[in-house]
file target09.cif (mmCIF, C-alpha atoms)
data_model
loop_
_atom_site.label_atom_id
_atom_site.label_comp_id
_atom_site.auth_asym_id
_atom_site.auth_seq_id
_atom_site.Cartn_x
_atom_site.Cartn_y
_atom_site.Cartn_z
CA MET Y 18 27.64 -13.26 1.16
CA ARG Y 19 24.88 -11.04 -0.04
CA ILE Y 20 23.53 -10.16 -3.43
CA TYR Y 21 23.76 -6.51 -4.40
CA GLU Y 22 22.80 -4.40 -7.33
CA GLU Y 23 24.80 -1.36 -8.31
CA LEU Y 24 23.40 1.21 -10.70
CA PHE Y 25 25.67 4.10 -11.53
CA ILE Y 26 25.82 6.97 -13.97
CA ILE Y 27 28.94 7.93 -15.90
CA LYS Y 28 29.42 11.33 -17.50
CA PRO Y 29 27.96 11.42 -21.02
CA ASP Y 30 31.20 12.65 -22.58
CA ALA Y 31 33.17 9.60 -21.41
CA THR Y 32 34.45 7.30 -24.14
CA GLU Y 33 33.63 3.59 -24.45
CA GLU Y 34 37.11 2.74 -23.21
CA GLU Y 35 36.69 4.82 -20.09
CA ILE Y 36 33.37 3.15 -19.36
CA ASP Y 37 34.88 -0.30 -19.83
CA GLN Y 38 37.76 0.68 -17.60
CA ILE Y 39 35.44 1.74 -14.76
CA VAL Y 40 33.37 -1.43 -15.07
CA GLU Y 41 36.53 -3.51 -15.06
CA GLN Y 42 37.82 -1.68 -12.02
CA ILE Y 43 34.63 -2.44 -10.08
CA THR Y 44 34.64 -6.04 -11.26
CA GLY Y 45 38.22 -6.27 -10.00
CA VAL Y 46 37.29 -4.94 -6.56
CA VAL Y 47 34.53 -7.52 -6.21
CA THR Y 48 36.49 -10.51 -7.49
CA VAL Y 49 39.60 -9.71 -5.44
CA ALA Y 50 37.47 -9.71 -2.29
CA GLY Y 51 36.13 -13.14 -3.19
CA GLY Y 52 32.83 -12.11 -4.70
CA THR Y 53 31.33 -12.93 -8.06
CA ILE Y 54 29.79 -10.74 -10.76
CA ASP Y 55 26.43 -12.12 -11.81
CA LYS Y 56 25.28 -9.62 -14.37
CA THR Y 57 26.58 -6.59 -16.25
CA GLU Y 58 24.16 -4.44 -18.17
CA LYS Y 59 24.89 -1.28 -20.07
CA TRP Y 60 21.76 0.75 -20.48
CA GLY Y 61 23.49 3.35 -22.60
CA LYS Y 62 22.92 7.06 -22.65
CA ARG Y 63 19.72 8.21 -21.03
CA ARG Y 64 18.24 11.56 -20.24
CA LEU Y 65 18.44 12.36 -16.53
CA ALA Y 66 15.29 13.38 -14.70
CA TYR Y 67 17.14 16.38 -13.26
CA ARG Y 68 20.48 18.06 -13.72
CA VAL Y 69 23.40 16.37 -12.01
CA ASP Y 70 26.70 18.27 -11.96
CA LYS Y 71 25.44 20.34 -14.90
CA HIS Y 72 24.80 17.20 -16.95
CA ARG Y 73 21.46 16.53 -18.55
CA GLU Y 74 22.40 13.08 -19.83
CA GLY Y 75 24.26 10.15 -18.41
CA TYR Y 76 25.53 6.69 -19.26
CA TYR Y 77 23.81 4.11 -17.05
CA VAL Y 78 25.52 0.87 -16.05
CA LEU Y 79 23.92 -1.85 -13.95
CA LEU Y 80 25.91 -4.51 -12.11
CA GLN Y 81 24.70 -7.41 -10.06
CA PHE Y 82 27.15 -9.20 -7.81
CA THR Y 83 27.53 -11.38 -4.76
CA CYS Y 84 29.92 -10.24 -2.05
CA GLY Y 85 30.27 -9.31 1.59
CA PRO Y 86 29.26 -5.98 3.14
CA GLU Y 87 32.85 -4.72 3.52
CA THR Y 88 33.41 -5.00 -0.20
CA VAL Y 89 30.47 -2.73 -0.87
CA LYS Y 90 31.97 -0.12 1.41
CA GLU Y 91 35.21 -0.21 -0.53
CA LEU Y 92 33.38 -0.21 -3.83
CA GLU Y 93 31.35 2.85 -2.92
CA ARG Y 94 34.50 4.64 -1.84
CA ARG Y 95 36.05 3.88 -5.21
CA LEU Y 96 33.01 5.17 -7.07
CA ARG Y 97 33.00 8.35 -4.99
CA VAL Y 98 36.64 8.94 -5.87
CA THR Y 99 36.17 8.29 -9.58
CA ASP Y 100 35.51 11.63 -11.21
CA SER Y 101 33.57 10.45 -14.23
CA VAL Y 102 30.97 8.68 -12.07
CA ILE Y 103 28.35 11.28 -11.22
CA LYS Y 104 25.86 9.16 -9.32
CA PHE Y 105 25.53 5.65 -7.93
CA LEU Y 106 23.02 3.56 -6.03
CA THR Y 107 23.66 0.27 -4.23
CA VAL Y 108 20.71 -1.90 -3.37
CA ARG Y 109 20.80 -5.15 -1.45
CA ILE Y 110 18.47 -7.50 -3.27
CA ASP Y 111 18.95 -10.97 -1.80
CA GLU Y 112 16.08 -10.60 0.64
CA THR Y 113 13.79 -9.18 -2.01
CA LEU Y 114 14.66 -12.05 -4.32
CA LYS Y 115 13.89 -14.47 -1.52
CA ARG Y 116 10.51 -12.86 -0.94
CA LEU Y 117 9.70 -12.90 -4.64
CA ASP Y 118 10.66 -16.54 -4.88
CA LYS Y 119 8.40 -17.37 -1.98
CA ARG Y 120 5.50 -15.46 -3.53
CA LYS Y 121 6.04 -17.19 -6.85
CA LYS Y 122 6.01 -20.60 -5.25
CA HIS Y 123 2.90 -19.67 -3.31
CA ARG Y 124 1.18 -18.53 -6.50
CA GLU Y 125 2.08 -21.72 -8.32
CA LYS Y 126 0.85 -23.82 -5.45
CA ARG Y 127 -2.45 -21.99 -5.40
CA ALA Y 128 -2.86 -22.24 -9.15
CA HIS Y 129 -2.19 -25.94 -8.94
CA ARG Y 130 -4.73 -26.37 -6.15
CA LYS Y 131 -7.28 -24.37 -8.09
CA ALA Y 132 -6.75 -26.44 -11.20
CA THR Y 133 -7.28 -29.67 -9.31
CA ALA Y 134 -10.18 -28.34 -7.23
CA ALA Y 135 -12.07 -26.69 -10.07
CA PRO Y 136 -13.67 -29.79 -11.63
CA ALA Y 137 -14.91 -31.00 -8.25
CA PRO Y 138 -17.50 -28.25 -7.52
CA ALA Y 139 -18.72 -28.35 -11.11
CA GLN Y 140 -20.09 -31.85 -10.67
CA PRO Y 141 -22.49 -31.15 -7.81
CA SER Y 142 -23.95 -28.19 -9.70
CA VAL Y 143 -24.75 -30.45 -12.64
CA ALA Y 144 -26.26 -32.95 -10.23
CA ALA Y 145 -28.35 -30.19 -8.68
CA GLN Y 146 -29.66 -29.26 -12.09
CA MET Y 147 -30.54 -32.85 -12.75
CA LEU Y 148 -32.41 -32.96 -9.47
CA GLY Y 149 -33.99 -29.61 -10.10
CA THR Y 150 -35.52 -30.43 -13.46
CA PRO Y 151 -37.90 -33.17 -12.34
CA GLU Y 152 -39.21 -30.89 -9.60
CA GLU Y 153 -39.94 -28.19 -12.12
CA ALA Y 154 -41.65 -30.70 -14.36
CA LYS Y 155 -44.08 -31.50 -11.59
CA MET W 5 -22.90 9.34 9.94
CA ALA W 6 -23.57 12.80 11.35
CA GLU W 7 -20.39 14.04 9.78
CA SER W 8 -21.19 12.81 6.32
CA ARG W 9 -24.62 14.45 6.55
CA GLY W 10 -23.04 17.71 7.58
CA ARG W 11 -20.44 17.76 4.83
CA PRO W 12 -21.52 15.82 1.82
CA GLY W 13 -18.59 17.25 -0.11
CA SER W 14 -16.05 15.51 2.05
CA ALA W 15 -17.40 12.12 1.11
CA SER W 16 -16.82 12.73 -2.56
CA GLN W 17 -13.29 13.93 -1.96
CA ARG W 18 -12.30 10.92 0.01
CA PRO W 19 -13.27 7.71 -1.67
CA THR W 20 -12.72 4.86 0.69
CA GLY W 21 -13.19 2.14 -1.83
CA GLY W 22 -14.96 0.01 0.73
CA ASP W 23 -18.42 0.31 -0.72
CA LYS W 24 -19.53 -0.38 -4.21
CA ALA W 25 -22.09 2.37 -4.18
CA VAL W 26 -22.09 5.45 -2.01
CA LEU W 27 -25.48 6.75 -1.09
CA THR W 28 -26.05 10.25 0.08
CA GLN W 29 -29.38 11.77 0.94
CA LYS W 30 -29.80 14.09 -2.00
CA LYS W 31 -27.89 12.41 -4.75
CA GLN W 32 -27.40 8.78 -5.47
CA TYR W 33 -24.22 7.98 -7.30
CA PHE W 34 -22.17 4.91 -7.87
CA ARG W 35 -18.47 4.66 -7.53
CA ARG W 36 -16.55 1.80 -8.99
CA LYS W 37 -14.63 -0.03 -6.34
CA LYS W 38 -10.94 0.69 -6.67
CA VAL W 39 -8.57 -2.21 -6.86
CA CYS W 40 -4.84 -2.48 -6.41
CA ARG W 41 -3.24 -2.81 -9.81
CA PHE W 42 -0.33 -4.81 -8.47
CA CYS W 43 -2.56 -7.35 -6.76
CA VAL W 44 -4.89 -7.72 -9.75
CA GLU W 45 -2.14 -8.09 -12.32
CA LYS W 46 -0.11 -10.20 -9.88
CA ILE W 47 2.99 -8.04 -10.04
CA ASP W 48 5.07 -9.07 -7.04
CA ASP W 49 8.16 -7.15 -7.93
CA ILE W 50 7.79 -3.39 -7.75
CA ASN W 51 11.18 -2.51 -9.13
CA TYR W 52 12.80 0.93 -9.06
CA LYS W 53 14.27 0.38 -12.54
CA ASP W 54 10.87 0.05 -14.18
CA VAL W 55 10.39 3.75 -14.90
CA LYS W 56 7.45 3.25 -17.24
CA MET W 57 5.44 1.53 -14.53
CA LEU W 58 6.47 4.00 -11.81
CA ASN W 59 5.49 6.94 -14.00
CA ALA W 60 1.86 5.85 -13.77
CA PHE W 61 1.98 6.45 -10.00
CA VAL W 62 3.69 9.80 -10.10
CA ALA W 63 1.72 13.00 -10.59
CA GLU W 64 2.59 15.66 -13.13
CA ARG W 65 4.69 17.52 -10.60
CA GLY W 66 6.63 14.42 -9.70
CA LYS W 67 4.74 13.73 -6.49
CA ILE W 68 3.72 10.24 -5.41
CA VAL W 69 0.01 9.71 -6.01
CA PRO W 70 -1.79 8.94 -2.72
CA ARG W 71 -3.40 5.56 -2.54
CA ARG W 72 -6.83 6.94 -1.84
CA ILE W 73 -6.69 8.15 -5.44
CA SER W 74 -4.71 5.39 -7.16
CA GLY W 75 -6.38 2.59 -5.21
CA VAL W 76 -3.13 0.75 -4.49
CA CYS W 77 -3.29 -1.46 -1.39
CA GLY W 78 -1.23 -0.75 1.72
CA PRO W 79 1.66 -3.19 1.32
CA CYS W 80 1.99 -2.39 -2.39
CA GLN W 81 1.96 1.37 -1.77
CA ARG W 82 4.80 0.97 0.72
CA ARG W 83 6.88 -0.92 -1.82
CA LEU W 84 5.90 1.50 -4.54
CA SER W 85 6.94 4.58 -2.58
CA ASP W 86 10.24 2.90 -1.76
CA ALA W 87 10.81 2.18 -5.43
CA ILE W 88 9.92 5.73 -6.47
CA LYS W 89 12.32 7.16 -3.90
CA LYS W 90 15.12 4.93 -5.14
CA ALA W 91 14.40 5.90 -8.73
CA ARG W 92 14.55 9.56 -7.74
CA ASN W 93 17.90 9.05 -6.13
CA ILE W 94 19.46 7.76 -9.34
CA ALA W 95 17.84 10.42 -11.56
CA LEU W 96 15.33 8.10 -13.21
CA LEU W 97 12.45 10.10 -11.78
CA PRO W 98 12.38 13.76 -10.83
CA PHE W 99 12.16 15.03 -7.26
CA ALA W 100 10.16 17.98 -8.49
CA ALA W 101 9.23 18.27 -12.13
CA VAL W 102 8.90 21.65 -13.74
CA ILE W 103 5.74 22.01 -15.78
#

call {"tool": "encode", "arguments": {"input": "target09.cif", "output": "C-alpha coordinates"}}
result
Amino acid sequence: MRIYEELFIIKPDATEEEIDQIVEQITGVVTVAGGTIDKTEKWGKRRLAYRVDKHREGYYVLLQFTCGPETVKELERRLRVTDSVIKFLTVRIDETLKRLDKRKKHREKRAHRKATAAPAPAQPSVAAQMLGTPEEAK
Amino acid sequence: MAESRGRPGSASQRPTGGDKAVLTQKKQYFRRKKVCRFCVEKIDDINYKDVKMLNAFVAERGKIVPRRISGVCGPCQRRLSDAIKKARNIALLPFAAVI
(Lines of atoms letter the chains of each structure in order from A and count residues from 1; the text may use other names and numbers.)
(Lines give C-alpha, C1' and ligand atoms only; values in the text may rest on other atoms or scores of the structure.)
Protein backbone atom coordinates (compact mmCIF):
# COMPACT_ATOMS: atom_id res chain seq x y z
CA MET A 1 0.00 0.00 0.00
CA ARG A 2 1.24 3.41 -0.90
CA ILE A 3 0.06 6.90 -0.13
CA TYR A 4 -0.91 9.00 -3.12
CA GLU A 5 -2.15 12.47 -3.73
CA GLU A 6 -4.47 13.26 -6.59
CA LEU A 7 -5.05 16.83 -7.70
CA PHE A 8 -7.47 17.30 -10.56
CA ILE A 9 -9.29 20.11 -12.29
CA ILE A 10 -12.96 19.98 -13.21
CA LYS A 11 -14.52 22.26 -15.81
CA PRO A 12 -15.65 25.55 -14.26
CA ASP A 13 -19.20 25.22 -15.58
CA ALA A 14 -19.81 21.94 -13.74
CA THR A 15 -22.42 22.04 -10.99
CA GLU A 16 -21.81 21.13 -7.34
CA GLU A 17 -23.64 17.86 -7.88
CA GLU A 18 -21.44 16.89 -10.78
CA ILE A 19 -18.33 17.64 -8.73
CA ASP A 20 -19.62 15.57 -5.82
CA GLN A 21 -20.46 12.77 -8.21
CA ILE A 22 -16.91 12.68 -9.63
CA VAL A 23 -15.36 12.75 -6.16
CA GLU A 24 -17.68 9.97 -5.05
CA GLN A 25 -16.82 7.92 -8.12
CA ILE A 26 -13.09 8.17 -7.36
CA THR A 27 -13.67 7.40 -3.71
CA GLY A 28 -15.61 4.33 -4.82
CA VAL A 29 -12.76 3.12 -7.03
CA VAL A 30 -10.29 3.40 -4.17
CA THR A 31 -12.47 1.81 -1.49
CA VAL A 32 -13.58 -1.08 -3.71
CA ALA A 33 -9.93 -1.95 -4.34
CA GLY A 34 -9.31 -2.03 -0.59
CA GLY A 35 -7.79 1.40 -0.17
CA THR A 36 -8.74 4.21 2.15
CA ILE A 37 -9.40 7.91 1.53
CA ASP A 38 -7.42 10.02 3.96
CA LYS A 39 -8.30 13.52 2.92
CA THR A 40 -10.64 15.34 0.56
CA GLU A 41 -10.12 19.01 -0.10
CA LYS A 42 -12.06 21.23 -2.43
CA TRP A 43 -10.02 24.25 -3.35
CA GLY A 44 -12.83 25.78 -5.34
CA LYS A 45 -12.61 27.76 -8.53
CA ARG A 46 -9.17 29.06 -9.37
CA ARG A 47 -7.70 30.85 -12.31
CA LEU A 48 -5.53 28.55 -14.42
CA ALA A 49 -1.99 29.62 -15.25
CA TYR A 50 -2.64 28.86 -18.91
CA ARG A 51 -5.58 27.90 -21.07
CA VAL A 52 -6.65 24.28 -20.88
CA ASP A 53 -9.24 23.12 -23.40
CA LYS A 54 -10.25 26.75 -23.89
CA HIS A 55 -10.92 27.16 -20.17
CA ARG A 56 -9.34 29.95 -18.18
CA GLU A 57 -10.71 28.76 -14.84
CA GLY A 58 -11.08 25.43 -13.17
CA TYR A 59 -12.43 23.75 -10.05
CA TYR A 60 -9.56 22.15 -8.11
CA VAL A 61 -10.08 19.06 -5.97
CA LEU A 62 -7.37 17.41 -3.89
CA LEU A 63 -7.59 13.82 -2.66
CA GLN A 64 -5.21 11.89 -0.49
CA PHE A 65 -5.56 8.14 -0.29
CA THR A 66 -3.80 4.89 0.48
CA CYS A 67 -3.96 2.14 -2.11
CA GLY A 68 -1.95 -0.14 -4.35
CA PRO A 69 -0.35 0.85 -7.66
CA GLU A 70 -2.93 -0.99 -9.81
CA THR A 71 -5.72 1.08 -8.35
CA VAL A 72 -4.00 4.26 -9.43
CA LYS A 73 -3.83 2.95 -12.97
CA GLU A 74 -7.56 2.31 -12.97
CA LEU A 75 -8.26 5.64 -11.33
CA GLU A 76 -6.26 7.54 -13.92
CA ARG A 77 -8.08 5.72 -16.69
CA ARG A 78 -11.39 6.76 -15.16
CA LEU A 79 -10.31 10.38 -14.91
CA ARG A 80 -9.13 10.36 -18.52
CA VAL A 81 -12.52 9.05 -19.62
CA THR A 82 -14.49 11.57 -17.57
CA ASP A 83 -15.19 14.51 -19.83
CA SER A 84 -15.58 17.20 -17.20
CA VAL A 85 -12.11 16.51 -15.76
CA ILE A 86 -9.69 18.61 -17.78
CA LYS A 87 -6.46 17.87 -15.95
CA PHE A 88 -5.14 15.60 -13.22
CA LEU A 89 -1.90 14.90 -11.42
CA THR A 90 -1.07 11.88 -9.27
CA VAL A 91 1.85 12.10 -6.90
CA ARG A 92 3.17 9.34 -4.70
CA ILE A 93 3.92 10.94 -1.36
CA ASP A 94 4.66 8.16 1.12
CA GLU A 95 8.41 8.36 0.60
CA THR A 96 8.41 12.13 0.83
CA LEU A 97 6.41 11.95 4.04
CA LYS A 98 8.90 9.45 5.40
CA ARG A 99 11.79 11.76 4.55
CA LEU A 100 10.04 14.74 6.12
CA ASP A 101 9.34 12.76 9.26
CA LYS A 102 12.97 11.77 9.50
CA ARG A 103 14.11 15.36 9.04
CA LYS A 104 11.67 16.55 11.67
CA LYS A 105 12.88 14.00 14.17
CA HIS A 106 16.46 14.93 13.38
CA ARG A 107 15.68 18.61 13.93
CA GLU A 108 13.99 17.93 17.25
CA LYS A 109 16.88 15.80 18.39
CA ARG A 110 19.35 18.53 17.52
CA ALA A 111 17.28 21.20 19.21
CA HIS A 112 17.08 19.06 22.30
CA ARG A 113 20.83 18.48 22.30
CA LYS A 114 21.46 22.18 21.81
CA ALA A 115 19.16 23.08 24.68
CA THR A 116 20.94 20.72 27.02
CA ALA A 117 24.43 21.59 25.78
CA ALA A 118 23.98 25.36 25.78
CA PRO A 119 24.37 26.03 29.52
CA ALA A 120 27.55 23.94 29.69
CA PRO A 121 29.86 26.17 27.58
CA ALA A 122 28.51 29.29 29.27
CA GLN A 123 30.02 28.29 32.59
CA PRO A 124 33.66 28.07 31.50
CA SER A 125 33.42 31.50 29.88
CA VAL A 126 32.27 33.00 33.17
CA ALA A 127 35.09 31.18 34.91
CA ALA A 128 37.55 32.56 32.38
CA GLN A 129 36.33 36.05 33.09
CA MET A 130 36.77 35.47 36.77
CA LEU A 131 40.30 34.30 36.14
CA GLY A 132 40.94 37.11 33.73
CA THR A 133 40.02 39.95 36.06
CA PRO A 134 42.69 39.41 38.70
CA GLU A 135 45.34 39.32 35.97
CA GLU A 136 44.15 42.63 34.63
CA ALA A 137 44.16 44.08 38.12
CA LYS A 138 47.84 43.29 38.42
CA MET B 1 43.28 33.79 -11.27
CA ALA B 2 44.52 34.74 -14.73
CA GLU B 3 41.01 34.45 -16.05
CA SER B 4 39.47 36.74 -13.49
CA ARG B 5 42.17 39.33 -14.22
CA GLY B 6 41.46 39.10 -17.92
CA ARG B 7 37.70 39.45 -17.60
CA PRO B 8 36.71 41.29 -14.50
CA GLY B 9 33.15 41.49 -15.79
CA SER B 10 32.67 37.76 -15.63
CA ALA B 11 33.28 37.73 -11.91
CA SER B 12 30.46 40.14 -11.27
CA GLN B 13 28.07 38.16 -13.42
CA ARG B 14 28.72 34.94 -11.67
CA PRO B 15 28.55 35.26 -7.93
CA THR B 16 29.78 32.09 -6.35
CA GLY B 17 28.66 32.91 -2.88
CA GLY B 18 31.76 31.29 -1.46
CA ASP B 19 33.48 34.47 -0.37
CA LYS B 20 32.13 37.19 1.79
CA ALA B 21 33.99 39.89 -0.08
CA VAL B 22 35.21 39.74 -3.64
CA LEU B 23 38.34 41.69 -4.31
CA THR B 24 39.36 42.75 -7.76
CA GLN B 25 42.38 44.80 -8.63
CA LYS B 26 40.71 48.05 -9.55
CA LYS B 27 37.57 48.06 -7.50
CA GLN B 28 36.91 46.68 -4.09
CA TYR B 29 33.35 45.69 -3.48
CA PHE B 30 31.56 43.54 -1.01
CA ARG B 31 28.95 41.00 -1.80
CA ARG B 32 26.69 39.62 0.83
CA LYS B 33 27.00 35.89 1.05
CA LYS B 34 23.91 34.23 -0.37
CA VAL B 35 22.12 31.70 1.74
CA CYS B 36 19.56 29.07 0.91
CA ARG B 37 16.17 30.29 2.05
CA PHE B 38 14.89 26.78 2.67
CA CYS B 39 17.83 25.85 4.87
CA VAL B 40 17.73 29.10 6.85
CA GLU B 41 13.99 29.05 7.45
CA LYS B 42 14.10 25.28 7.97
CA ILE B 43 11.51 24.48 5.33
CA ASP B 44 11.88 20.76 4.67
CA ASP B 45 8.84 20.37 2.52
CA ILE B 46 9.05 22.10 -0.84
CA ASN B 47 5.53 21.40 -1.96
CA TYR B 48 4.15 21.89 -5.47
CA LYS B 49 0.83 23.13 -4.08
CA ASP B 50 2.41 26.13 -2.36
CA VAL B 51 2.13 28.50 -5.31
CA LYS B 52 2.91 31.61 -3.31
CA MET B 53 6.27 30.22 -2.25
CA LEU B 54 7.10 28.83 -5.70
CA ASN B 55 6.31 32.17 -7.32
CA ALA B 56 9.30 33.69 -5.55
CA PHE B 57 11.58 31.33 -7.48
CA VAL B 58 10.04 31.84 -10.87
CA ALA B 59 11.08 34.72 -13.10
CA GLU B 60 8.65 37.08 -14.78
CA ARG B 61 8.56 34.92 -17.88
CA GLY B 62 7.81 31.81 -15.89
CA LYS B 63 11.34 30.46 -15.97
CA ILE B 64 12.98 28.82 -12.98
CA VAL B 65 15.48 31.20 -11.38
CA PRO B 66 19.00 29.70 -11.45
CA ARG B 67 20.52 29.06 -8.08
CA ARG B 68 23.54 31.23 -8.74
CA ILE B 69 21.06 34.11 -8.56
CA SER B 70 18.59 32.91 -5.93
CA GLY B 71 21.25 31.36 -3.71
CA VAL B 72 19.31 28.15 -3.10
CA CYS B 73 21.52 25.18 -2.20
CA GLY B 74 21.89 22.16 -4.46
CA PRO B 75 19.54 19.65 -2.82
CA CYS B 76 16.88 22.34 -2.28
CA GLN B 77 17.11 23.55 -5.88
CA ARG B 78 16.54 20.01 -7.11
CA ARG B 79 13.41 19.68 -5.00
CA LEU B 80 12.31 23.15 -5.95
CA SER B 81 12.61 22.54 -9.68
CA ASP B 82 10.68 19.29 -9.27
CA ALA B 83 7.94 21.14 -7.43
CA ILE B 84 7.77 23.91 -10.04
CA LYS B 85 7.50 21.36 -12.83
CA LYS B 86 4.67 19.58 -11.06
CA ALA B 87 2.88 22.86 -10.46
CA ARG B 88 3.22 23.69 -14.15
CA ASN B 89 1.70 20.38 -15.08
CA ILE B 90 -1.48 21.08 -13.13
CA ALA B 91 -1.79 24.70 -14.33
CA LEU B 92 -0.80 26.31 -11.03
CA LEU B 93 2.23 27.91 -12.66
CA PRO B 94 2.70 28.89 -16.28
CA PHE B 95 5.08 27.14 -18.66
CA ALA B 96 5.69 30.44 -20.39
CA ALA B 97 4.06 33.59 -19.10
CA VAL B 98 3.12 36.35 -21.49
CA ILE B 99 4.23 39.76 -20.31

call {"tool": "interface_residues", "arguments": {"input": "target09.cif", "of": "chain W", "to": "chain Y", "cutoff": "10 Å", "atoms": "all atoms listed in the file", "output": "PyMOL selection string"}}
result
chain W and resi 46-49+53+90-102

call {"tool": "resolve_selection", "arguments": {"input": "target09.cif", "expression": "the PyMOL selection byres ((chain W and resi 76) around 10)", "output": "list in words"}}
result
Lys38, Val39, Cys40, Arg41, Phe42, Cys43, Phe61, Val69, Pro70, Arg71, Arg72, Ile73, Ser74, Gly75, Cys77, Gly78, Pro79, Cys80, Gln81, Arg82 and Leu84 of chain W

call {"tool": "atom_distance", "arguments": {"input": "target09.cif", "atom1": "atom CA of Val40 of chain Y", "atom2": "atom CA of Lys28 of chain Y"}}
result
13.6 Å

call {"tool": "atom_distance", "arguments": {"input": "target09.cif", "atom1": "atom CA of Thr88 of chain Y", "atom2": "atom CA of Met18 of chain Y"}}
result
10.2 Å

call {"tool": "atom_distance", "arguments": {"input": "target09.cif", "atom1": "atom CA of Arg95 of chain Y", "atom2": "atom CA of Gln42 of chain Y"}}
result
9.0 Å

call {"tool": "build_atoms", "arguments": {"input": "target09.cif", "residues": "segment 49-84 of chain W", "atoms": "N, CA and C atoms", "output": "tab-separated table (two decimals), in the frame of the given file"}}
result
chain	number	residue	atom	x	y	z
W	49	ASP	N	6.94	-7.94	-7.98
W	49	ASP	CA	8.16	-7.15	-7.93
W	49	ASP	C	7.89	-5.71	-8.37
W	50	ILE	N	7.91	-4.81	-7.42
W	50	ILE	CA	7.79	-3.39	-7.75
W	50	ILE	C	9.21	-2.84	-7.79
W	51	ASN	N	9.76	-2.79	-8.99
W	51	ASN	CA	11.18	-2.51	-9.13
W	51	ASN	C	11.42	-1.04	-9.43
W	52	TYR	N	12.49	-0.50	-8.85
W	52	TYR	CA	12.80	0.93	-9.06
W	52	TYR	C	13.32	1.22	-10.46
W	53	LYS	N	13.72	0.16	-11.20
W	53	LYS	CA	14.27	0.38	-12.54
W	53	LYS	C	13.18	0.46	-13.61
W	54	ASP	N	11.97	0.06	-13.23
W	54	ASP	CA	10.87	0.05	-14.18
W	54	ASP	C	10.21	1.44	-14.21
W	55	VAL	N	10.83	2.35	-14.93
W	55	VAL	CA	10.39	3.75	-14.90
W	55	VAL	C	9.01	3.92	-15.51
W	56	LYS	N	8.74	3.16	-16.55
W	56	LYS	CA	7.45	3.25	-17.24
W	56	LYS	C	6.31	2.97	-16.27
W	57	MET	N	6.48	1.91	-15.48
W	57	MET	CA	5.44	1.53	-14.53
W	57	MET	C	5.33	2.57	-13.42
W	58	LEU	N	6.48	3.03	-12.93
W	58	LEU	CA	6.47	4.00	-11.81
W	58	LEU	C	5.83	5.32	-12.24
W	59	ASN	N	6.02	5.68	-13.49
W	59	ASN	CA	5.49	6.94	-14.00
W	59	ASN	C	3.98	7.03	-13.86
W	60	ALA	N	3.32	5.87	-13.89
W	60	ALA	CA	1.86	5.85	-13.77
W	60	ALA	C	1.42	6.25	-12.36
W	61	PHE	N	2.33	6.15	-11.39
W	61	PHE	CA	1.98	6.45	-10.00
W	61	PHE	C	2.66	7.72	-9.50
W	62	VAL	N	3.08	8.53	-10.45
W	62	VAL	CA	3.69	9.80	-10.10
W	62	VAL	C	2.87	10.90	-10.78
W	63	ALA	N	2.53	11.92	-10.03
W	63	ALA	CA	1.72	13.00	-10.59
W	63	ALA	C	2.58	13.86	-11.51
W	64	GLU	N	1.93	14.80	-12.15
W	64	GLU	CA	2.59	15.66	-13.13
W	64	GLU	C	3.80	16.37	-12.53
W	65	ARG	N	3.63	16.79	-11.29
W	65	ARG	CA	4.69	17.52	-10.60
W	65	ARG	C	5.80	16.64	-10.06
W	66	GLY	N	5.62	15.34	-10.21
W	66	GLY	CA	6.63	14.42	-9.70
W	66	GLY	C	6.31	13.87	-8.32
W	67	LYS	N	5.11	14.21	-7.82
W	67	LYS	CA	4.74	13.73	-6.49
W	67	LYS	C	4.16	12.32	-6.58
W	68	ILE	N	4.30	11.59	-5.47
W	68	ILE	CA	3.72	10.24	-5.41
W	68	ILE	C	2.21	10.37	-5.25
W	69	VAL	N	1.47	9.64	-6.08
W	69	VAL	CA	0.01	9.71	-6.01
W	69	VAL	C	-0.47	8.97	-4.76
W	70	PRO	N	-1.30	9.62	-3.92
W	70	PRO	CA	-1.79	8.94	-2.72
W	70	PRO	C	-2.68	7.75	-3.06
W	71	ARG	N	-2.69	6.78	-2.18
W	71	ARG	CA	-3.40	5.56	-2.54
W	71	ARG	C	-4.91	5.69	-2.47
W	72	ARG	N	-5.39	6.73	-1.82
W	72	ARG	CA	-6.83	6.94	-1.84
W	72	ARG	C	-7.29	7.33	-3.25
W	73	ILE	N	-6.37	7.81	-4.06
W	73	ILE	CA	-6.69	8.15	-5.44
W	73	ILE	C	-6.34	7.00	-6.39
W	74	SER	N	-5.14	6.43	-6.21
W	74	SER	CA	-4.71	5.39	-7.16
W	74	SER	C	-5.33	4.04	-6.84
W	75	GLY	N	-5.74	3.84	-5.58
W	75	GLY	CA	-6.38	2.59	-5.21
W	75	GLY	C	-5.41	1.45	-4.89
W	76	VAL	N	-4.14	1.77	-4.79
W	76	VAL	CA	-3.13	0.75	-4.49
W	76	VAL	C	-3.28	0.32	-3.03
W	77	CYS	N	-3.12	-0.97	-2.76
W	77	CYS	CA	-3.29	-1.46	-1.39
W	77	CYS	C	-2.08	-1.07	-0.52
W	78	GLY	N	-2.24	-1.22	0.77
W	78	GLY	CA	-1.23	-0.75	1.72
W	78	GLY	C	0.17	-1.31	1.50
W	79	PRO	N	0.32	-2.63	1.52
W	79	PRO	CA	1.66	-3.19	1.32
W	79	PRO	C	2.29	-2.78	-0.01
W	80	CYS	N	1.46	-2.74	-1.07
W	80	CYS	CA	1.99	-2.39	-2.39
W	80	CYS	C	2.39	-0.92	-2.43
W	81	GLN	N	1.62	-0.06	-1.77
W	81	GLN	CA	1.96	1.37	-1.77
W	81	GLN	C	3.29	1.60	-1.06
W	82	ARG	N	3.54	0.83	-0.01
W	82	ARG	CA	4.80	0.97	0.72
W	82	ARG	C	5.97	0.60	-0.19
W	83	ARG	N	5.82	-0.49	-0.90
W	83	ARG	CA	6.88	-0.92	-1.82
W	83	ARG	C	7.02	0.07	-2.96
W	84	LEU	N	5.89	0.56	-3.42
W	84	LEU	CA	5.90	1.50	-4.54
W	84	LEU	C	6.61	2.80	-4.17
